[in-house]
Structures are given as structure tokens and as C-alpha cells.
file start.cif (mmCIF, C-alpha atoms)
data_coords
#
loop_
_atom_site.label_atom_id
_atom_site.label_comp_id
_atom_site.auth_asym_id
_atom_site.auth_seq_id
_atom_site.Cartn_x
_atom_site.Cartn_y
_atom_site.Cartn_z
CA MET A 75 1.34 70.53 7.15
CA ALA A 76 -1.89 69.14 5.85
CA SER A 77 -3.49 65.92 7.05
CA PHE A 78 -5.98 63.76 5.18
CA SER A 79 -6.01 60.96 7.77
CA ASP A 80 -8.85 62.36 9.86
CA LEU A 81 -11.57 62.95 7.28
CA SER A 82 -14.90 62.80 9.11
CA VAL A 83 -16.77 60.39 6.81
CA GLU A 84 -17.97 56.82 7.01
CA THR A 85 -15.37 54.15 6.29
CA GLN A 86 -16.86 52.91 3.01
CA THR A 87 -17.48 56.42 1.74
CA ARG A 88 -13.94 57.40 2.61
CA ARG A 89 -12.53 54.40 0.75
CA PHE A 90 -14.65 55.29 -2.29
CA ASN A 91 -13.49 58.89 -2.19
CA SER A 92 -9.88 57.82 -1.61
CA ALA A 93 -10.02 55.65 -4.72
CA TRP A 94 -11.14 58.63 -6.83
CA ILE A 95 -8.47 60.84 -5.29
CA GLU A 96 -5.80 58.24 -6.06
CA PHE A 97 -7.17 57.99 -9.60
CA ALA A 98 -6.92 61.76 -10.06
CA LEU A 99 -3.36 61.79 -8.76
CA ALA A 100 -2.41 58.81 -10.95
CA VAL A 101 -3.77 60.58 -14.04
CA GLY A 102 -1.42 63.45 -13.25
CA ALA A 103 1.48 61.03 -12.80
CA PHE A 104 0.59 59.49 -16.17
CA GLY A 105 0.65 62.89 -17.86
CA VAL A 106 3.93 63.98 -16.29
CA GLY A 107 5.59 60.65 -17.12
CA ALA A 108 4.32 60.66 -20.69
CA GLY A 109 5.46 64.23 -21.20
CA GLU A 110 8.97 63.55 -19.96
CA PHE A 111 9.60 60.51 -22.15
CA ALA A 112 7.68 61.71 -25.21
CA SER A 113 10.20 64.53 -25.64
CA MET A 114 12.82 61.91 -26.44
CA GLY A 115 10.60 60.16 -28.98
CA VAL A 116 9.79 63.30 -31.00
CA LEU A 117 13.31 64.74 -30.89
CA PRO A 118 14.03 64.33 -34.64
CA ASN A 119 10.62 65.82 -35.51
CA VAL A 120 11.26 68.86 -33.32
CA ALA A 121 14.66 69.40 -34.93
CA GLN A 122 13.19 69.20 -38.41
CA GLY A 123 10.22 71.40 -37.56
CA LEU A 124 12.29 74.20 -36.04
CA GLY A 125 15.17 73.90 -38.49
CA ILE A 126 17.79 73.04 -35.86
CA THR A 127 20.14 70.12 -35.27
CA GLU A 128 19.15 67.16 -33.13
CA PRO A 129 21.79 67.98 -30.48
CA GLN A 130 20.25 71.46 -30.23
CA ALA A 131 16.77 69.95 -29.94
CA GLY A 132 18.13 67.70 -27.19
CA HIS A 133 18.61 70.79 -25.06
CA MET A 134 14.85 70.79 -24.46
CA ILE A 135 15.27 67.49 -22.59
CA SER A 136 18.09 68.94 -20.52
CA ALA A 137 15.99 72.06 -19.84
CA TYR A 138 13.11 69.93 -18.58
CA ALA A 139 15.43 67.94 -16.32
CA LEU A 140 16.91 71.17 -14.99
CA GLY A 141 13.39 72.37 -14.25
CA VAL A 142 12.75 69.19 -12.24
CA VAL A 143 15.94 69.58 -10.20
CA VAL A 144 15.37 73.29 -9.52
CA GLY A 145 11.61 73.17 -9.06
CA ALA A 146 11.42 70.27 -6.59
CA PRO A 147 13.18 71.91 -3.61
CA VAL A 148 12.28 75.53 -4.41
CA ILE A 149 8.53 74.98 -4.80
CA ALA A 150 8.38 72.61 -1.83
CA VAL A 151 9.90 75.26 0.42
CA ILE A 152 8.06 78.38 -0.78
CA SER A 153 4.69 76.57 -0.77
CA ALA A 154 5.04 75.26 2.79
CA LYS A 155 2.01 77.23 4.02
CA MET A 156 -0.19 76.31 1.07
CA ALA A 157 -2.95 73.71 1.34
CA ARG A 158 -1.98 70.60 -0.58
CA ARG A 159 -5.12 70.65 -2.72
CA THR A 160 -4.37 74.22 -3.77
CA LEU A 161 -0.71 73.38 -4.40
CA LEU A 162 -1.55 70.36 -6.55
CA LEU A 163 -4.01 72.45 -8.58
CA TRP A 164 -1.42 75.13 -9.29
CA LEU A 165 1.25 72.58 -10.11
CA MET A 166 -0.98 70.95 -12.73
CA VAL A 167 -2.00 74.32 -14.15
CA VAL A 168 1.65 75.29 -14.62
CA PHE A 169 2.41 71.86 -16.11
CA ALA A 170 -0.49 72.16 -18.56
CA LEU A 171 0.47 75.70 -19.56
CA GLY A 172 4.13 74.74 -19.96
CA ASN A 173 3.24 71.94 -22.37
CA ALA A 174 0.68 74.03 -24.25
CA ALA A 175 3.28 76.78 -24.66
CA SER A 176 5.81 74.16 -25.84
CA ALA A 177 3.36 73.15 -28.56
CA LEU A 178 3.15 76.77 -29.70
CA ALA A 179 6.88 77.52 -29.51
CA GLY A 180 8.04 79.27 -32.67
CA ASN A 181 11.78 78.93 -32.21
CA TYR A 182 14.52 77.08 -30.36
CA PRO A 183 15.05 79.50 -27.41
CA SER A 184 11.34 79.69 -26.59
CA LEU A 185 10.97 75.90 -26.72
CA VAL A 186 13.86 75.43 -24.29
CA GLY A 187 12.35 78.00 -21.94
CA PHE A 188 8.89 76.43 -22.05
CA ARG A 189 10.30 72.95 -21.40
CA PHE A 190 12.07 74.32 -18.33
CA LEU A 191 8.73 75.78 -17.19
CA ALA A 192 6.97 72.44 -17.77
CA GLY A 193 9.60 70.64 -15.68
CA LEU A 194 9.30 72.90 -12.62
CA PRO A 195 6.17 71.21 -11.12
CA HIS A 196 7.41 67.66 -11.77
CA GLY A 197 9.19 66.74 -8.52
CA THR A 198 6.88 68.63 -6.16
CA TYR A 199 3.77 67.17 -7.80
CA PHE A 200 4.95 63.62 -7.25
CA GLY A 201 6.14 64.33 -3.73
CA VAL A 202 2.86 65.93 -2.62
CA ALA A 203 0.72 63.38 -4.49
CA PHE A 204 2.46 60.51 -2.70
CA LEU A 205 2.04 62.21 0.67
CA VAL A 206 -1.67 62.74 0.07
CA ALA A 207 -2.19 59.11 -1.00
CA ALA A 208 -0.23 57.76 1.97
CA GLY A 209 -2.03 60.07 4.37
CA MET A 210 -5.41 58.61 3.38
CA ALA A 211 -4.26 54.99 3.72
CA GLU A 212 -4.15 52.74 6.74
CA PRO A 213 -0.68 52.72 8.36
CA ASN A 214 0.14 49.24 7.06
CA ARG A 215 -0.92 50.08 3.50
CA ARG A 216 0.89 53.35 2.83
CA ALA A 217 3.32 51.90 0.30
CA GLN A 218 0.47 50.34 -1.67
CA ALA A 219 -1.27 53.74 -1.81
CA VAL A 220 1.97 55.27 -3.07
CA GLY A 221 2.29 52.42 -5.56
CA ARG A 222 -1.20 53.02 -6.96
CA VAL A 223 -0.29 56.63 -7.74
CA MET A 224 3.04 55.44 -9.16
CA LEU A 225 1.08 53.25 -11.58
CA GLY A 226 0.57 56.46 -13.52
CA ILE A 227 4.33 56.66 -14.08
CA THR A 228 4.75 53.00 -15.01
CA LEU A 229 1.74 53.03 -17.33
CA ALA A 230 3.12 56.18 -18.94
CA THR A 231 6.30 54.28 -19.74
CA LEU A 232 4.32 51.34 -21.12
CA VAL A 233 1.51 53.16 -22.96
CA GLY A 234 1.57 56.95 -22.63
CA SER A 235 5.01 57.67 -23.97
CA PRO A 236 4.69 55.39 -27.05
CA VAL A 237 1.27 56.88 -27.88
CA ALA A 238 2.51 60.46 -27.46
CA THR A 239 5.55 59.62 -29.60
CA TRP A 240 3.33 58.09 -32.28
CA LEU A 241 1.11 61.18 -32.28
CA GLY A 242 4.17 63.38 -32.64
CA GLN A 243 5.63 61.36 -35.48
CA ALA A 244 2.37 60.83 -37.36
CA LEU A 245 0.57 64.14 -36.82
CA GLY A 246 3.31 66.53 -35.73
CA TRP A 247 5.35 67.03 -32.58
CA ARG A 248 3.19 69.94 -31.48
CA LEU A 249 0.22 67.61 -31.05
CA ALA A 250 2.25 65.43 -28.67
CA PHE A 251 2.85 68.35 -26.31
CA THR A 252 -0.76 69.47 -26.73
CA ALA A 253 -2.00 66.03 -25.66
CA VAL A 254 0.25 66.04 -22.60
CA GLY A 255 -0.97 69.53 -21.69
CA ALA A 256 -4.57 68.33 -22.01
CA ILE A 257 -3.86 65.52 -19.53
CA GLY A 258 -2.48 68.12 -17.13
CA ALA A 259 -5.66 70.19 -17.48
CA LEU A 260 -7.79 67.08 -16.94
CA THR A 261 -5.83 66.28 -13.79
CA ALA A 262 -6.42 69.78 -12.43
CA LEU A 263 -10.16 69.31 -13.01
CA LEU A 264 -10.17 65.91 -11.29
CA ILE A 265 -8.25 67.28 -8.32
CA TRP A 266 -10.67 70.20 -8.04
CA ILE A 267 -13.62 67.78 -8.07
CA PHE A 268 -12.40 64.99 -5.81
CA LEU A 269 -9.86 66.35 -3.32
CA PRO A 270 -11.32 67.99 -0.21
CA LEU A 271 -9.73 71.23 0.94
CA ASP A 272 -7.31 70.16 3.66
CA LYS A 273 -6.43 72.02 6.85
CA MET A 274 -2.98 73.30 7.56
CA GLN A 275 -1.03 72.09 10.56
CA PRO A 276 0.11 74.85 12.95
CA GLY A 277 3.75 75.79 12.52
CA ALA A 278 4.06 75.02 8.80
CA SER A 279 6.74 77.26 7.29
CA PRO A 280 9.55 77.29 4.74
CA LEU A 281 12.05 77.13 7.59
CA ARG A 282 10.48 73.94 8.93
CA GLU A 283 10.62 72.33 5.50
CA LEU A 284 14.29 73.23 5.24
CA GLY A 285 14.74 71.28 8.46
CA ALA A 286 14.70 68.12 6.33
CA LEU A 287 18.20 69.03 5.16
CA LYS A 288 19.47 68.69 8.74
CA ARG A 289 18.39 65.06 9.00
CA LYS A 290 21.12 62.54 8.28
CA GLN A 291 18.62 59.80 7.48
CA VAL A 292 16.96 61.95 4.81
CA TRP A 293 20.29 62.36 3.00
CA LEU A 294 21.12 58.66 3.35
CA THR A 295 17.71 57.63 2.04
CA LEU A 296 18.02 59.98 -0.94
CA ALA A 297 21.48 58.59 -1.69
CA ILE A 298 20.15 55.03 -1.95
CA PRO A 299 18.29 55.50 -5.28
CA ALA A 300 20.69 58.21 -6.51
CA ILE A 301 23.48 55.61 -6.47
CA GLY A 302 21.75 52.24 -6.39
CA LEU A 303 19.44 52.76 -9.38
CA GLY A 304 22.00 54.42 -11.63
CA GLY A 305 22.58 51.10 -13.36
CA MET A 306 18.97 50.87 -14.52
CA PHE A 307 19.45 54.11 -16.42
CA ALA A 308 22.88 53.01 -17.66
CA VAL A 309 21.29 50.00 -19.36
CA TYR A 310 18.22 51.90 -20.57
CA SER A 311 20.29 54.70 -22.12
CA TYR A 312 22.20 52.31 -24.40
CA ILE A 313 19.62 49.57 -24.82
CA ALA A 314 18.99 50.19 -28.53
CA SER A 315 22.66 49.93 -29.50
CA THR A 316 23.18 46.91 -27.26
CA LEU A 317 20.29 45.00 -28.82
CA THR A 318 21.19 45.80 -32.41
CA GLN A 319 24.99 45.59 -32.24
CA LEU A 320 25.52 42.86 -29.65
CA SER A 321 22.36 40.79 -29.20
CA GLY A 322 21.69 40.45 -32.93
CA PHE A 323 18.23 42.03 -33.03
CA SER A 324 16.92 44.23 -35.81
CA PRO A 325 15.97 47.83 -34.97
CA ALA A 326 12.31 46.76 -35.15
CA PHE A 327 12.74 44.81 -31.90
CA VAL A 328 13.76 47.85 -29.85
CA PRO A 329 10.15 49.00 -29.24
CA VAL A 330 9.30 45.46 -28.13
CA ALA A 331 12.17 45.56 -25.65
CA LEU A 332 10.89 48.86 -24.28
CA VAL A 333 7.48 47.28 -23.80
CA LEU A 334 9.11 44.43 -21.86
CA PHE A 335 10.85 47.02 -19.70
CA GLY A 336 7.55 48.83 -19.12
CA ILE A 337 5.76 45.61 -18.17
CA GLY A 338 8.55 44.89 -15.70
CA MET A 339 8.13 48.35 -14.15
CA ASN A 340 4.41 47.77 -13.61
CA VAL A 341 4.96 44.32 -12.10
CA GLY A 342 7.74 45.64 -9.87
CA ASN A 343 5.63 48.56 -8.68
CA VAL A 344 2.71 46.34 -7.63
CA VAL A 345 4.83 43.65 -5.98
CA GLY A 346 7.28 46.08 -4.40
CA SER A 347 4.59 48.20 -2.76
CA ARG A 348 3.03 45.12 -1.16
CA LEU A 349 6.39 43.90 0.10
CA ALA A 350 7.22 47.34 1.49
CA ASP A 351 4.04 47.36 3.59
CA LYS A 352 5.01 44.01 5.08
CA ALA A 353 8.70 44.76 5.75
CA LEU A 354 9.97 48.16 4.62
CA MET A 355 13.70 48.03 5.33
CA PRO A 356 14.20 44.39 4.27
CA THR A 357 12.42 45.23 1.00
CA ILE A 358 14.85 48.07 0.25
CA GLY A 359 17.91 45.98 1.14
CA GLY A 360 16.63 42.89 -0.66
CA MET A 361 15.82 44.86 -3.79
CA LEU A 362 19.33 46.31 -3.96
CA VAL A 363 20.72 42.77 -3.85
CA TRP A 364 18.23 41.84 -6.58
CA VAL A 365 19.28 44.83 -8.72
CA SER A 366 22.94 43.88 -8.44
CA ALA A 367 22.25 40.25 -9.40
CA VAL A 368 20.05 41.17 -12.38
CA MET A 369 22.61 43.65 -13.66
CA ALA A 370 25.36 41.05 -13.42
CA LEU A 371 23.16 38.59 -15.31
CA TYR A 372 22.58 41.17 -18.04
CA TRP A 373 26.33 41.71 -18.37
CA LEU A 374 26.96 37.97 -18.71
CA THR A 375 24.13 37.17 -21.14
CA ALA A 376 23.61 40.32 -23.24
CA SER A 377 24.76 38.52 -26.39
CA ASN A 378 22.02 35.89 -26.01
CA PRO A 379 18.72 37.15 -27.53
CA TRP A 380 16.49 35.13 -25.20
CA MET A 381 18.37 35.90 -22.02
CA VAL A 382 18.74 39.60 -22.76
CA SER A 383 14.98 39.84 -23.33
CA LEU A 384 14.38 38.24 -19.93
CA CYS A 385 16.91 40.55 -18.31
CA ILE A 386 15.26 43.65 -19.76
CA PHE A 387 11.97 42.61 -18.13
CA LEU A 388 13.75 41.88 -14.83
CA ILE A 389 15.57 45.23 -14.93
CA GLY A 390 12.19 46.92 -15.29
CA CYS A 391 11.13 45.06 -12.16
CA ASN A 392 13.83 47.01 -10.29
CA PHE A 393 11.18 49.73 -9.99
CA ALA A 394 9.89 47.69 -7.03
CA ILE A 395 12.26 49.61 -4.76
CA CYS A 396 10.62 52.97 -5.54
CA PRO A 397 7.47 52.76 -3.35
CA ALA A 398 9.62 51.50 -0.48
CA VAL A 399 12.12 54.38 -0.72
CA GLN A 400 9.31 56.94 -0.99
CA THR A 401 7.65 55.50 2.13
CA ARG A 402 10.97 55.43 3.97
CA LEU A 403 11.37 59.16 3.31
CA MET A 404 8.04 59.78 5.00
CA ASP A 405 9.30 57.95 8.07
CA VAL A 406 12.57 59.84 8.41
CA ALA A 407 11.53 63.35 7.32
CA GLY A 408 9.60 64.16 10.51
CA ASP A 409 7.67 67.40 10.04
CA ALA A 410 9.45 68.34 6.79
CA GLN A 411 7.96 65.69 4.53
CA THR A 412 7.09 67.80 1.49
CA LEU A 413 10.66 68.82 0.75
CA ALA A 414 12.01 65.33 1.42
CA ALA A 415 9.39 63.70 -0.81
CA ALA A 416 10.03 66.18 -3.62
CA LEU A 417 13.80 65.73 -3.40
CA ASN A 418 13.37 62.02 -4.12
CA HIS A 419 12.78 62.91 -7.76
CA SER A 420 15.91 64.98 -7.84
CA ALA A 421 17.68 61.85 -6.58
CA PHE A 422 16.26 59.83 -9.48
CA ASN A 423 17.46 62.47 -11.94
CA ILE A 424 20.92 62.15 -10.40
CA ALA A 425 20.70 58.38 -10.89
CA ASN A 426 19.72 58.98 -14.51
CA ALA A 427 22.66 61.29 -15.16
CA LEU A 428 25.15 59.16 -13.21
CA GLY A 429 24.13 55.91 -14.86
CA ALA A 430 24.13 57.27 -18.40
CA TRP A 431 27.51 58.94 -17.86
CA LEU A 432 29.25 55.92 -16.29
CA GLY A 433 27.75 53.58 -18.86
CA GLY A 434 29.10 55.80 -21.63
CA VAL A 435 32.52 55.90 -19.96
CA ALA A 436 32.66 52.09 -19.82
CA ILE A 437 31.62 51.72 -23.46
CA ALA A 438 34.05 54.40 -24.64
CA ALA A 439 36.85 52.68 -22.72
CA GLY A 440 36.38 49.61 -24.90
CA PHE A 441 34.55 47.32 -22.47
CA GLY A 442 31.64 46.78 -24.87
CA TRP A 443 27.90 47.41 -24.83
CA ALA A 444 27.27 44.79 -22.15
CA SER A 445 29.53 46.64 -19.73
CA THR A 446 26.57 48.79 -18.67
CA GLY A 447 25.49 45.67 -16.77
CA TRP A 448 28.51 45.50 -14.50
CA VAL A 449 28.39 49.28 -14.09
CA GLY A 450 24.84 48.78 -12.80
CA ALA A 451 25.89 45.93 -10.50
CA VAL A 452 28.61 48.06 -8.91
CA LEU A 453 26.26 51.01 -8.46
CA ALA A 454 23.65 48.75 -6.85
CA LEU A 455 26.28 47.50 -4.39
CA GLY A 456 27.13 51.13 -3.67
CA GLY A 457 23.47 51.81 -2.92
CA LEU A 458 23.41 48.72 -0.69
CA ALA A 459 26.39 50.04 1.25
CA VAL A 460 24.57 53.34 1.86
CA PHE A 461 21.46 51.41 2.94
CA LEU A 462 23.47 49.36 5.45
CA VAL A 463 24.98 52.52 6.90
CA SER A 464 21.50 54.04 7.20
CA TRP A 465 20.04 50.97 8.88
CA ALA A 466 22.98 50.58 11.26
CA GLN A 467 22.79 54.25 12.21
CA GLU A 468 19.06 53.98 12.86
CA ARG A 469 19.46 50.91 15.06
CA ALA A 470 22.25 52.61 16.99
CA ASP A 471 20.09 55.68 17.53
CA ARG A 472 17.17 53.58 18.73
CA SER A 473 19.29 51.63 21.16
CA GLY A 474 20.32 54.88 22.83
CA THR A 475 17.10 56.93 22.65
CA ASP A 476 13.46 56.53 21.86
CA PRO A 477 12.62 56.85 18.16
CA GLU A 478 11.52 60.27 17.06
CA PRO A 479 7.77 60.35 16.33
CA VAL A 480 6.85 60.64 12.69
CA ALA A 481 4.47 63.43 11.75
CA ALA A 482 1.21 62.44 10.11
CA ALA A 483 1.17 62.75 6.36
#
call {"tool": "encode", "arguments": {"input": "start.cif", "output": "C-alpha cells"}}
result
Amino acid sequence: MASFSDLSVETQTRRFNSAWIEFALAVGAFGVGAGEFASMGVLPNVAQGLGITEPQAGHMISAYALGVVVGAPVIAVISAKMARRTLLLWLMVVFALGNAASALAGNYPSLVGFRFLAGLPHGTYFGVAFLVAAGMAEPNRRAQAVGRVMLGITLATLVGSPVATWLGQALGWRLAFTAVGAIGALTALLIWIFLPLDKMQPGASPLRELGALKRKQVWLTLAIPAIGLGGMFAVYSYIASTLTQLSGFSPAFVPVALVLFGIGMNVGNVVGSRLADKALMPTIGGMLVWVSAVMALYWLTASNPWMVSLCIFLIGCNFAICPAVQTRLMDVAGDAQTLAAALNHSAFNIANALGAWLGGVAIAAGFGWASTGWVGAVLALGGLAVFLVSWAQERADRSGTDPEPVAAA
């Protein structure tokens, strides 16, 4: 496994280079995030352009998500002996080609196939990018390094996705995918320029990466966001209908609400990464309590325009848990960090699917649009229960034996 922590350069030079490396990785995160969400914004345009129904066009979103779920573990395992710089370059090349091909797709089957291709690098790119950033940082600032790369995701939600959607609606959906592909190509160039070629650690192999699946703490840590953050996606999935049919807003306010959510994500990312570096486990546990409380508040006040606006911002702040969970995975994965880090994005896709499904079940059962709030509160408490089991198990293990050393990122 590669290590960036022992670069033989002066401290100031290393910090300067690290900043450029983090910038390059964040640009890639911005492109991947914008590409994922822009597909939703240009869905009607794609349907009209290809002469298909919107539900059929929606299959391109499912195909992308399937690519994320399949690609994350498979690529992480088969690339175990590859230098991280080389791996990141190839991942961005595939991402750029997948989006460029999507822009050129002439029919429905080819578009679905190209969106699957574009989704394959998603999880592994984020996992490896976070490991590289954390490996360059001082031990007590790893979460902040992860958070700086994550800013690409949160800024994509706030700026990238709306701009890509606007391009698609105003100038054609093909241009939206072209722009995302161009960002992928730019990221590959930045990585090629700024990342040094890293050395491989003896013993790296697909079998060693698969060893992550034998670690109980890896599974428990992955289960925390898969369950605990499902509510965030439950609310987000039905936010437009909730605002227009319950809160009394016009459809024109929905984009404003999404901006509030995006601002909350950025604030949460910055604050959460700093808290995680000070106290990792208390940050995860405290954030799950926070998520549950905010979701309950949303459920109780969704009919009030002012309060629901505040809650949407606060729900975006739930993203604060993400740098902490990603850093926790580095601590518990031992010498199989690439697979564990990549699987974290599969866990978030599970949270997305679980939250949207349970929110829809509650609404269909007649509990109303605000019911996504209490669905989220219950899921957050479920994530908290998993966290408490994980923490108790870790403390029990440490009381009996010495902690297992964590491999360098």
C-alpha cells in the first residue's frame, strides 16, 4: 500500500505541494459530485431528446448508482498492487470517457451503458483520494485533510450541479455531460502534474484488501452511515413536494431550499472535520444525536415556512459526520484501507436507497409529507445504536489486548 507520509522535502515545500494535491483531488470530487446530481436535473431533457419516457430516462440514474456499488469494491481489490497516483489517473480517465460517451449516446440502451461506465470509478476515486489526503496530513489533522477534499462534493451540490443542470436545460443535456467529462479530464491533468509517484508497500495484494471484510469494526463503521444518514436522503428525496404541498411555498422556492441545503453541507463539512480531529468517536456519536434531533424538529415544524427553511439548512449540516466516519474507517481497516474507504460510498448509496424507500412508504401509508422527518429520526437512532455497539466492542477489545496498530495511509 502506498504511503505519502514520508516525502523527503522541506516542511514548507511539502505543505505547498500538499495544498495543490488536495486541490487536484477536490476538483475531481467536484466533477464526480456534479455529474451524479446533474443527471437528475436534466432528466426531462434527456427523455425528450431521445424520444423516451421520463421513467425510462431515470434508468440512467439507476445505472450510474449500480456502477458506483459494483465499481467501488471490484476496482479497489483488483488495483491493490497499483500505485495510487496511477490508479487515480486511470479512474479519472474512465470517468471522463464515460461522461463524454454519455454526451454522444444516440439511443436509450447506449446511454444507460455509458452511465454505468461513468459510475464505476466513483467510489474508488473518493476512497483513494481521501487516503492520499490523510496520508499527507499530520496525525491530528487527518479529518481536516479529508474534509478539504470533500469540499469538492459539497461545492458540487451548491454550485456544480445547478450550473450543469442550467447548461443542460439551456443549451442541451449533452453539453452538461460534456462539461462534467471536461472536469474529469482536467482532474487527470492536475493529478499528473502535482501528485508524486508513490512507492508500493511490500505485501500489497487483492487478498490483503479483501481482509477488510473480516474486520467486525469495518462492517460496524460502514453500517453507521448506511442506517444513520438514511433520513437525510428521505427528506431530500421528497423536499419539493413537502415545500409546495405542506409548507405553502411556490415551486420557485425549491431551488432556494436546495441552496440552503448545500450551504449547510459546506458548513457541516468544515466544522465536522475540525471536531473529528479533536475527538473522533464523540463527534460521530454526537452527530447522530444531532441528526435525530434535527429530523424530529423537521417533522414537527414542516408546515411552518420559516422553521422548515431553518431545518433544511440544519439537515444539510448533517454532512458533518462524513469526514469523521471516513477517518474512522482508516483507523479500523488496518492494512486493507483502500477497499474499506471505497466501500464507504457504497454505504452512502444504501442510505440513499433506504431513506428514499422508507420515506415513500411513510407517505404512501398516509402519514403525510412531514413523516420523512420521523423516519429520519428513527434511522439516526438506529445508526446511534450501531455506533454504541462499535464503541463498546472496541473498548472491550482494548481492555483485553493491546490495540492493533493502524497501517500508514
call {"tool": "closest_residue", "arguments": {"input": "start.cif", "among": "A:Pro118, A:Gly180, A:Gly107, A:Pro299", "to": "Ala421 of chain A", "atoms": "only C-alpha atoms"}}
result
A:Pro299
call {"tool": "closest_atom_pairs", "arguments": {"input": "start.cif", "of": "segment 160-256 of chain A", "to": "segment 394-411 of chain A", "cutoff": "8 Å", "atoms": "only C-alpha atoms", "output": "CSV"}}
result
residue,atom,partner,partner_atom,distance
A:Phe204,CA,A:Gln400,CA,7.9
A:Leu205,CA,A:Met404,CA,7.8
A:Arg216,CA,A:Thr401,CA,7.1
A:Ala217,CA,A:Pro397,CA,5.6
A:Gln218,CA,A:Pro397,CA,7.6
A:Val220,CA,A:Pro397,CA,6.1
A:Gly221,CA,A:Pro397,CA,5.6
A:Met224,CA,A:Pro397,CA,7.8
call {"tool": "residues_around", "arguments": {"input": "start.cif", "residues": "Ile227 of chain A", "least_positions_apart": "4", "cutoff": "7 Å", "atoms": "only C-alpha atoms", "output": "number ranges by chain"}}
result
A: 103-104, 107, 231
call {"tool": "atom_distance", "arguments": {"input": "start.cif", "atom1": "atom CA of Ala177 of chain A", "atom2": "atom CA of Ala192 of chain A"}}
result
11.4 Å
call {"tool": "residues_around", "arguments": {"input": "start.cif", "residues": "Ala253 of chain A", "least_positions_apart": "6", "cutoff": "10 Å", "atoms": "only C-alpha atoms", "output": "PyMOL selection string"}}
result
chain A and resi 105+108-109+170+173-174+177+237-238+241-242+259
call {"tool": "residues_near_point", "arguments": {"input": "start.cif", "point": "(14.8, 48.3, -12.5)", "cutoff": "7 Å", "atoms": "all atoms listed in the file", "output": "CSV table (one decimal) with C-alpha atoms, in the frame of the given file"}}
result
chain,number,residue,atom,x,y,z
A,306,MET,CA,19.0,50.9,-14.5
A,339,MET,CA,8.1,48.4,-14.2
A,365,VAL,CA,19.3,44.8,-8.7
A,388,LEU,CA,13.8,41.9,-14.8
A,389,ILE,CA,15.6,45.2,-14.9
A,390,GLY,CA,12.2,46.9,-15.3
A,391,CYS,CA,11.1,45.1,-12.2
A,392,ASN,CA,13.8,47.0,-10.3
A,393,PHE,CA,11.2,49.7,-10.0
call {"tool": "closest_residue", "arguments": {"input": "start.cif", "among": "A:Gly447, A:Gly440, A:Val363, A:Val330", "to": "Ala376 of chain A", "atoms": "all atoms listed in the file"}}
result
A:Gly447
call {"tool": "closest_residue", "arguments": {"input": "start.cif", "among": "A:Tyr372, A:Phe422, A:Gly433, A:Met361", "to": "Leu455 of chain A", "atoms": "only C-alpha atoms"}}
result
A:Met361
call {"tool": "decode", "arguments": {"input": "start.cif", "residues": "segment 172-185 of chain A", "atoms": "N, CA, C and O atoms", "output": "mmCIF file, in the first residue's frame"}}
result
data_model
loop_
_atom_site.group_PDB
_atom_site.id
_atom_site.type_symbol
_atom_site.label_atom_id
_atom_site.label_comp_id
_atom_site.auth_asym_id
_atom_site.auth_seq_id
_atom_site.Cartn_x
_atom_site.Cartn_y
_atom_site.Cartn_z
ATOM 1 N N GLY A 172 -16.456 8.097 -19.801
ATOM 2 C CA GLY A 172 -17.840 7.689 -19.582
ATOM 3 C C GLY A 172 -18.816 8.830 -19.766
ATOM 4 O O GLY A 172 -19.901 8.660 -20.344
ATOM 5 N N ASN A 173 -18.433 10.027 -19.312
ATOM 6 C CA ASN A 173 -19.309 11.188 -19.471
ATOM 7 C C ASN A 173 -19.296 11.711 -20.903
ATOM 8 O O ASN A 173 -20.338 12.137 -21.420
ATOM 9 N N ALA A 174 -18.118 11.677 -21.544
ATOM 10 C CA ALA A 174 -18.055 12.100 -22.946
ATOM 11 C C ALA A 174 -18.901 11.172 -23.819
ATOM 12 O O ALA A 174 -19.623 11.620 -24.719
ATOM 13 N N ALA A 175 -18.816 9.873 -23.546
ATOM 14 C CA ALA A 175 -19.621 8.909 -24.297
ATOM 15 C C ALA A 175 -21.107 9.114 -24.024
ATOM 16 O O ALA A 175 -21.944 8.963 -24.938
ATOM 17 N N SER A 176 -21.456 9.468 -22.780
ATOM 18 C CA SER A 176 -22.862 9.751 -22.448
ATOM 19 C C SER A 176 -23.380 10.912 -23.286
ATOM 20 O O SER A 176 -24.525 10.907 -23.734
ATOM 21 N N ALA A 177 -22.525 11.927 -23.479
ATOM 22 C CA ALA A 177 -22.930 13.086 -24.273
ATOM 23 C C ALA A 177 -23.167 12.721 -25.730
ATOM 24 O O ALA A 177 -23.940 13.389 -26.422
ATOM 25 N N LEU A 178 -22.504 11.656 -26.193
ATOM 26 C CA LEU A 178 -22.628 11.250 -27.596
ATOM 27 C C LEU A 178 -23.640 10.129 -27.810
ATOM 28 O O LEU A 178 -23.859 9.704 -28.951
ATOM 29 N N ALA A 179 -24.234 9.640 -26.711
ATOM 30 C CA ALA A 179 -25.145 8.492 -26.815
ATOM 31 C C ALA A 179 -26.283 8.783 -27.785
ATOM 32 O O ALA A 179 -26.941 9.826 -27.701
ATOM 33 N N GLY A 180 -26.521 7.852 -28.699
ATOM 34 C CA GLY A 180 -27.556 8.054 -29.708
ATOM 35 C C GLY A 180 -28.887 7.425 -29.375
ATOM 36 O O GLY A 180 -29.888 7.687 -30.045
ATOM 37 N N ASN A 181 -28.913 6.569 -28.352
ATOM 38 C CA ASN A 181 -30.161 5.909 -28.001
ATOM 39 C C ASN A 181 -30.174 5.547 -26.515
ATOM 40 O O ASN A 181 -29.164 5.709 -25.816
ATOM 41 N N TYR A 182 -31.302 5.067 -26.068
ATOM 42 C CA TYR A 182 -31.511 4.752 -24.656
ATOM 43 C C TYR A 182 -30.573 3.664 -24.127
ATOM 44 O O TYR A 182 -29.923 3.861 -23.089
ATOM 45 N N PRO A 183 -30.419 2.506 -24.808
ATOM 46 C CA PRO A 183 -29.527 1.472 -24.265
ATOM 47 C C PRO A 183 -28.083 1.933 -24.121
ATOM 48 O O PRO A 183 -27.420 1.624 -23.130
ATOM 49 N N SER A 184 -27.580 2.681 -25.110
ATOM 50 C CA SER A 184 -26.193 3.122 -25.034
ATOM 51 C C SER A 184 -26.006 4.134 -23.908
ATOM 52 O O SER A 184 -24.978 4.120 -23.213
ATOM 53 N N LEU A 185 -26.981 5.010 -23.683
ATOM 54 C CA LEU A 185 -26.873 5.977 -22.599
ATOM 55 C C LEU A 185 -26.813 5.265 -21.255
ATOM 56 O O LEU A 185 -25.985 5.610 -20.396
#
